[in-house]
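A.B. asks: So that you have it, the file is structure05.csv, and it contains CSV, C-alpha atoms:
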```csv
chain,number,residue,atom,x,y,z
A,1,MET,CA,0.0,0.0,0.0
A,2,ASN,CA,2.1,2.9,-1.3
A,3,LEU,CA,1.3,6.6,-1.0
A,4,PRO,CA,-0.5,7.0,-4.3
A,5,ASN,CA,-2.8,4.1,-3.5
A,6,LYS,CA,-3.5,5.6,0.0
A,7,ILE,CA,-4.4,8.9,-1.7
A,8,THR,CA,-6.8,7.1,-4.0
A,9,ILE,CA,-8.4,5.3,-1.1
A,10,SER,CA,-8.8,8.7,0.7
A,11,ARG,CA,-10.7,9.8,-2.4
A,12,ILE,CA,-13.1,6.9,-2.0
A,13,LEU,CA,-13.6,7.7,1.7
A,14,MET,CA,-14.5,11.3,0.9
A,15,ILE,CA,-17.5,10.1,-1.2
A,16,PRO,CA,-19.9,9.3,1.7
A,17,VAL,CA,-19.0,12.6,3.4
A,18,PHE,CA,-19.7,14.4,0.1
A,19,ILE,CA,-23.1,12.6,-0.3
A,20,LEU,CA,-24.1,13.4,3.3
A,21,ILE,CA,-23.3,17.1,2.9
A,22,MET,CA,-25.1,17.4,-0.4
A,23,SER,CA,-28.1,15.3,0.7
A,24,VAL,CA,-28.9,16.6,4.1
A,25,ASP,CA,-30.2,20.1,4.9
A,26,PHE,CA,-28.2,21.0,7.9
A,27,GLY,CA,-29.7,24.5,8.0
A,28,TRP,CA,-26.4,26.2,7.4
A,29,GLY,CA,-28.2,28.9,5.4
A,30,MET,CA,-27.4,30.5,2.1
A,31,VAL,CA,-24.3,32.0,0.7
A,32,ARG,CA,-23.7,34.2,-2.4
A,33,VAL,CA,-20.8,33.1,-4.5
A,34,PHE,CA,-19.8,35.3,-7.5
A,35,GLY,CA,-23.4,36.6,-7.7
A,36,THR,CA,-25.1,33.2,-7.3
A,37,ASP,CA,-27.0,32.2,-4.3
A,38,MET,CA,-26.7,28.6,-3.0
A,39,PRO,CA,-27.1,26.6,0.2
A,40,VAL,CA,-23.9,26.6,2.2
A,41,GLU,CA,-24.1,22.7,2.1
A,42,HIS,CA,-23.8,22.9,-1.7
A,43,LEU,CA,-20.8,25.2,-1.6
A,44,THR,CA,-19.2,22.9,1.0
A,45,GLY,CA,-20.0,19.8,-1.0
A,46,ALA,CA,-18.7,21.3,-4.2
A,47,LEU,CA,-15.4,22.2,-2.5
A,48,LEU,CA,-15.1,18.7,-1.1
A,49,PHE,CA,-15.8,17.3,-4.6
A,50,ILE,CA,-13.1,19.6,-6.0
A,51,VAL,CA,-10.6,18.5,-3.3
A,52,ALA,CA,-11.4,14.8,-3.9
A,53,SER,CA,-11.1,15.3,-7.7
A,54,THR,CA,-7.7,16.9,-7.2
A,55,THR,CA,-6.4,13.9,-5.5
A,56,ASP,CA,-6.7,12.1,-8.8
A,57,TRP,CA,-4.0,14.3,-10.3
A,58,ILE,CA,-1.9,14.1,-7.1
A,59,ASP,CA,-1.8,10.3,-6.8
A,60,GLY,CA,-1.0,9.9,-10.5
A,61,TYR,CA,1.8,12.5,-10.4
A,62,ILE,CA,3.4,10.8,-7.3
A,63,ALA,CA,3.0,7.3,-8.8
A,64,ARG,CA,4.7,8.3,-12.1
A,65,LYS,CA,7.4,10.6,-10.5
A,66,TYR,CA,8.5,8.0,-8.0
A,67,ASN,CA,7.9,4.9,-10.1
A,68,LEU,CA,5.1,3.7,-7.7
A,69,VAL,CA,2.7,2.6,-10.5
A,70,THR,CA,1.1,-0.7,-9.5
A,71,ASN,CA,-1.6,-2.8,-11.0
A,72,PHE,CA,-3.7,-2.2,-7.9
A,73,GLY,CA,-3.4,1.5,-8.5
A,74,LYS,CA,-4.2,1.2,-12.2
A,75,PHE,CA,-7.3,-0.6,-11.2
A,76,LEU,CA,-8.3,1.4,-8.1
A,77,ASP,CA,-7.7,4.9,-9.5
A,78,PRO,CA,-10.2,4.8,-12.3
A,79,LEU,CA,-12.7,3.0,-10.0
A,80,ALA,CA,-12.4,5.8,-7.5
A,81,ASP,CA,-13.0,8.3,-10.2
A,82,LYS,CA,-16.1,6.4,-11.4
A,83,LEU,CA,-17.5,6.2,-7.9
A,84,LEU,CA,-16.9,9.9,-7.2
A,85,VAL,CA,-18.3,11.0,-10.5
A,86,SER,CA,-21.3,8.7,-10.4
A,87,ALA,CA,-22.2,9.9,-6.9
A,88,ALA,CA,-21.9,13.5,-7.8
A,89,LEU,CA,-24.0,13.1,-11.0
A,90,ILE,CA,-26.7,11.3,-9.1
A,91,ILE,CA,-26.8,14.2,-6.6
A,92,LEU,CA,-27.0,16.7,-9.5
A,93,VAL,CA,-30.1,14.8,-10.8
A,94,GLU,CA,-31.7,14.8,-7.3
A,95,LEU,CA,-31.0,18.6,-7.1
A,96,GLN,CA,-32.5,19.0,-10.6
A,97,LEU,CA,-29.2,20.6,-11.8
A,98,ALA,CA,-28.5,17.9,-14.5
A,99,PRO,CA,-30.8,15.9,-16.8
A,100,ALA,CA,-31.2,12.3,-15.8
A,101,TRP,CA,-30.7,10.9,-19.4
A,102,ILE,CA,-27.2,12.5,-19.6
A,103,VAL,CA,-26.3,11.1,-16.2
A,104,ILE,CA,-27.6,7.7,-17.2
A,105,ALA,CA,-25.6,7.7,-20.4
A,106,ILE,CA,-22.4,8.6,-18.5
A,107,ILE,CA,-22.9,6.1,-15.8
A,108,CYS,CA,-23.8,3.3,-18.2
A,109,ARG,CA,-20.5,4.0,-20.1
A,110,GLU,CA,-18.6,3.8,-16.8
A,111,PHE,CA,-20.2,0.4,-16.0
A,112,ALA,CA,-19.4,-0.9,-19.5
A,113,VAL,CA,-15.8,0.2,-19.4
A,114,THR,CA,-15.4,-1.2,-15.9
A,115,GLY,CA,-16.8,-4.5,-17.1
A,116,LEU,CA,-14.3,-4.5,-20.0
A,117,ARG,CA,-11.5,-3.8,-17.6
A,118,LEU,CA,-12.6,-6.8,-15.4
A,119,ILE,CA,-12.7,-9.1,-18.5
A,120,LEU,CA,-9.2,-7.9,-19.4
A,121,ALA,CA,-8.0,-8.4,-15.9
A,122,GLU,CA,-9.0,-12.0,-16.0
A,123,THR,CA,-6.5,-12.4,-18.9
A,124,GLY,CA,-3.8,-10.7,-16.8
A,125,GLU,CA,-4.1,-7.4,-18.7
A,126,VAL,CA,-4.6,-4.2,-16.7
A,127,VAL,CA,-5.5,-1.3,-18.9
A,128,ALA,CA,-4.4,2.1,-17.6
A,129,ALA,CA,-6.5,5.2,-18.6
A,130,ASN,CA,-5.4,6.7,-21.9
A,131,MET,CA,-5.3,10.4,-22.8
A,132,LEU,CA,-8.9,10.3,-24.1
A,133,GLY,CA,-10.1,8.7,-20.9
A,134,LYS,CA,-8.2,11.4,-18.9
A,135,ILE,CA,-9.9,14.2,-21.0
A,136,LYS,CA,-13.2,12.5,-20.3
A,137,THR,CA,-12.5,12.5,-16.6
A,138,TRP,CA,-11.5,16.1,-16.4
A,139,THR,CA,-14.4,17.4,-18.5
A,140,GLN,CA,-16.7,15.5,-16.2
A,141,ILE,CA,-15.1,16.9,-13.1
A,142,ILE,CA,-15.2,20.5,-14.5
A,143,ALA,CA,-18.9,20.1,-15.5
A,144,ILE,CA,-19.8,18.6,-12.1
A,145,ALA,CA,-17.9,21.2,-10.1
A,146,VAL,CA,-19.5,24.1,-11.9
A,147,LEU,CA,-23.0,22.5,-11.6
A,148,LEU,CA,-22.5,21.8,-7.9
A,149,LEU,CA,-21.6,25.5,-7.6
A,150,HIS,CA,-25.0,26.4,-9.3
A,151,ASN,CA,-23.1,27.6,-12.4
A,152,ALA,CA,-21.2,30.3,-10.4
A,153,PRO,CA,-19.6,32.5,-11.6
A,154,PHE,CA,-21.2,32.1,-15.0
A,155,GLU,CA,-24.8,32.3,-13.7
A,156,SER,CA,-24.5,36.0,-13.1
A,157,MET,CA,-23.3,36.6,-16.7
A,158,GLY,CA,-26.2,34.5,-18.1
A,159,ILE,CA,-23.8,31.9,-19.5
A,160,PRO,CA,-24.9,28.2,-19.1
A,161,PHE,CA,-21.3,27.1,-18.8
A,162,GLY,CA,-22.1,24.1,-16.5
A,163,ASP,CA,-24.7,22.8,-19.0
A,164,PHE,CA,-22.2,23.3,-21.9
A,165,MET,CA,-19.5,21.4,-20.0
A,166,LEU,CA,-21.9,18.6,-19.2
A,167,TRP,CA,-22.5,18.2,-23.0
A,168,VAL,CA,-18.7,18.3,-23.6
A,169,ALA,CA,-18.3,15.6,-20.9
A,170,LEU,CA,-21.0,13.5,-22.5
A,171,PHE,CA,-19.2,13.7,-25.8
A,172,PHE,CA,-15.9,12.7,-24.4
A,173,THR,CA,-17.5,10.0,-22.3
A,174,VAL,CA,-19.1,8.3,-25.3
A,175,TRP,CA,-16.1,8.8,-27.5
A,176,SER,CA,-13.6,7.4,-25.0
A,177,GLY,CA,-16.0,4.4,-24.2
A,178,TRP,CA,-16.2,3.6,-27.9
A,179,ASP,CA,-12.4,3.9,-28.1
A,180,TYR,CA,-11.8,1.5,-25.2
A,181,PHE,CA,-14.1,-1.1,-26.8
A,182,LYS,CA,-12.6,-0.6,-30.3
A,183,LEU,CA,-9.0,-1.0,-29.0
A,184,ASN,CA,-9.9,-4.1,-27.0
A,185,LYS,CA,-12.4,-5.8,-29.4
A,186,ASP,CA,-10.3,-8.9,-29.6
A,187,VAL,CA,-11.2,-9.9,-26.1
A,188,PHE,CA,-14.7,-10.6,-27.4
A,189,LYS,CA,-13.6,-12.3,-30.7
A,190,ASN,CA,-11.4,-14.7,-28.8
A,191,SER,CA,-14.0,-15.6,-26.1
A,192,LYS,CA,-15.5,-19.1,-26.0
```
Output the file's structure as structure tokens, nothing else.
C.D. replies:
Amino acid sequence: MNLPNKITISRILMIPVFILIMSVDFGWGMVRVFGTDMPVEHLTGALLFIVASTTDWIDGYIARKYNLVTNFGKFLDPLADKLLVSAALIILVELQLAPAWIVIAIICREFAVTGLRLILAETGEVVAANMLGKIKTWTQIIAIAVLLLHNAPFESMGIPFGDFMLWVALFFTVWSGWDYFKLNKDVFKNSK
């Protein structure tokens, strides 16, 4: 259990705290952020989501810099991302800040790619995220963070940046999913 893997596990442990803060009205009141009013719980949850998402970059950086890349890390890191992103997207639907059909499409892709990774793992192959997958992850994180912040600071300018980024995230989610299956189509051809 090296440091990058511990950081990844910390990201997973932040998920229930994030869900609790976003789901329960603690009566903390309202706050104005860049001209946008939102519950303090939403600001707190958004900041926690951003911190948790940042650990994705930190653990990867440390793993590569100090040659601490492990198969466990290659498996756990994308799983942690999927859990965090899925939880946040479901919260956004509950708060009526994201359309359910886009969230369903994104989560279905995540399950499909996770299933593909599990099949590949049975053959001893662990697939690390490629650049397209990383772009997908970061567009999702940006979209979710802005939407959790009720589109601040763009709301006061009348720019639906959070909605736009959610569409960008959907595009990269579908494209990267298609790419994973295209690159690994032989696993299905060679199955019995």
A.B. asks: Using all atoms listed in the file, tabulate the residues of stretch 86-123 of chain A lying at most 12 Å from any atom of stretch 42-65 of chain A, each with its closest atom pair and that distance in Å to one decimal, by chain and increasing residue number, as CSV.
C.D. replies:
```
residue,atom,partner,partner_atom,distance
A:Ser86,CA,A:Phe49,CA,11.7
A:Ala87,CA,A:Phe49,CA,10.1
A:Ala88,CA,A:Phe49,CA,7.9
A:Leu89,CA,A:Phe49,CA,11.2
A:Ile91,CA,A:His42,CA,10.4
A:Leu92,CA,A:His42,CA,10.5
A:Leu95,CA,A:His42,CA,10.0
A:Leu97,CA,A:His42,CA,11.7
```
A.B. asks: Quick one: distance from atom CA of A:Ser156 to atom CA of A:Phe172 in Å, one decimal?
C.D. replies: 27.3 Å
A.B. asks: List the spatial neighbours of A:Pro99 as an MDAnalysis selection string - criterion: any atom at most 12 Å away, all atoms listed in the file, same-chain residues fewer than 3 positions off excluded.
C.D. replies: chainID A and resid 89:96 102:106 147 162:163 166:167 170
A.B. asks: Just checking: using only C-alpha atoms, which residue out of A:Asp179, A:Leu118, A:Arg32, A:Asn130 ends up closest to A:Leu76?
C.D. replies: A:Leu118
A.B. asks: Could you tell me how far atom CA of A:Asp186 lies from atom CA of A:Ala112, in Å and to one decimal?
C.D. replies: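 Separating atom CA of A:Asp186 from atom CA of A:Ala112 is a distance of 15.8 Å.
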A.B. asks: Take atom CA of A:Phe111 and atom CA of A:Leu132 and report the distance between them in Å, one decimal.
C.D. replies: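 The value is 17.1 Å.
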A.B. asks: Would you kindly identify which residues have an atom no farther than 10 Å from (-5.4, -0.7, -13.9), using only C-alpha atoms and the file's own coordinates, and write them out as a ChimeraX atom specification?
C.D. replies: /A:69-79,117-118,120-121,125-129
A.B. asks: Could you tell me which of A:Val33, A:Leu68, A:Ile21, A:Ile135 comes closest to A:Phe171 if we count only C-alpha atoms?
C.D. replies: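 That would be A:Ile135, the residue with the smallest distance to A:Phe171.
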A.B. asks: Counting all atoms listed in the file, which of A:Ala98, A:Met131, A:Gly35, A:Gly29 gets nearest to A:Phe154?
C.D. replies: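 That would be A:Gly35, the residue with the smallest distance to A:Phe154.
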A.B. asks: Find the residue from A:Glu41, A:Asp81, A:Asp25, A:Glu155 that sits nearest to A:Glu110; use only C-alpha atoms when measuring.
C.D. replies: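 Ranking A:Glu41, A:Asp81, A:Asp25, A:Glu155 by distance to A:Glu110, first place goes to A:Asp81.
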A.B. asks: My list of candidates is A:Thr36, A:Phe26, A:Ile15, A:Ile119. Which is closest to A:Met157 when distances are computed with only C-alpha atoms?
C.D. replies: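 Nearest to A:Met157: A:Thr36.
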A.B. asks: Within 10 Å of A:Leu13, counting all atoms listed in the file, which residues show up once you throw out same-chain ones fewer than 5 positions away? Write them as a list in words, please.
C.D. replies: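 The contact residues come out as Ile7, Thr8, Phe18, Ala52, Ala80 and Leu84 of chain A.
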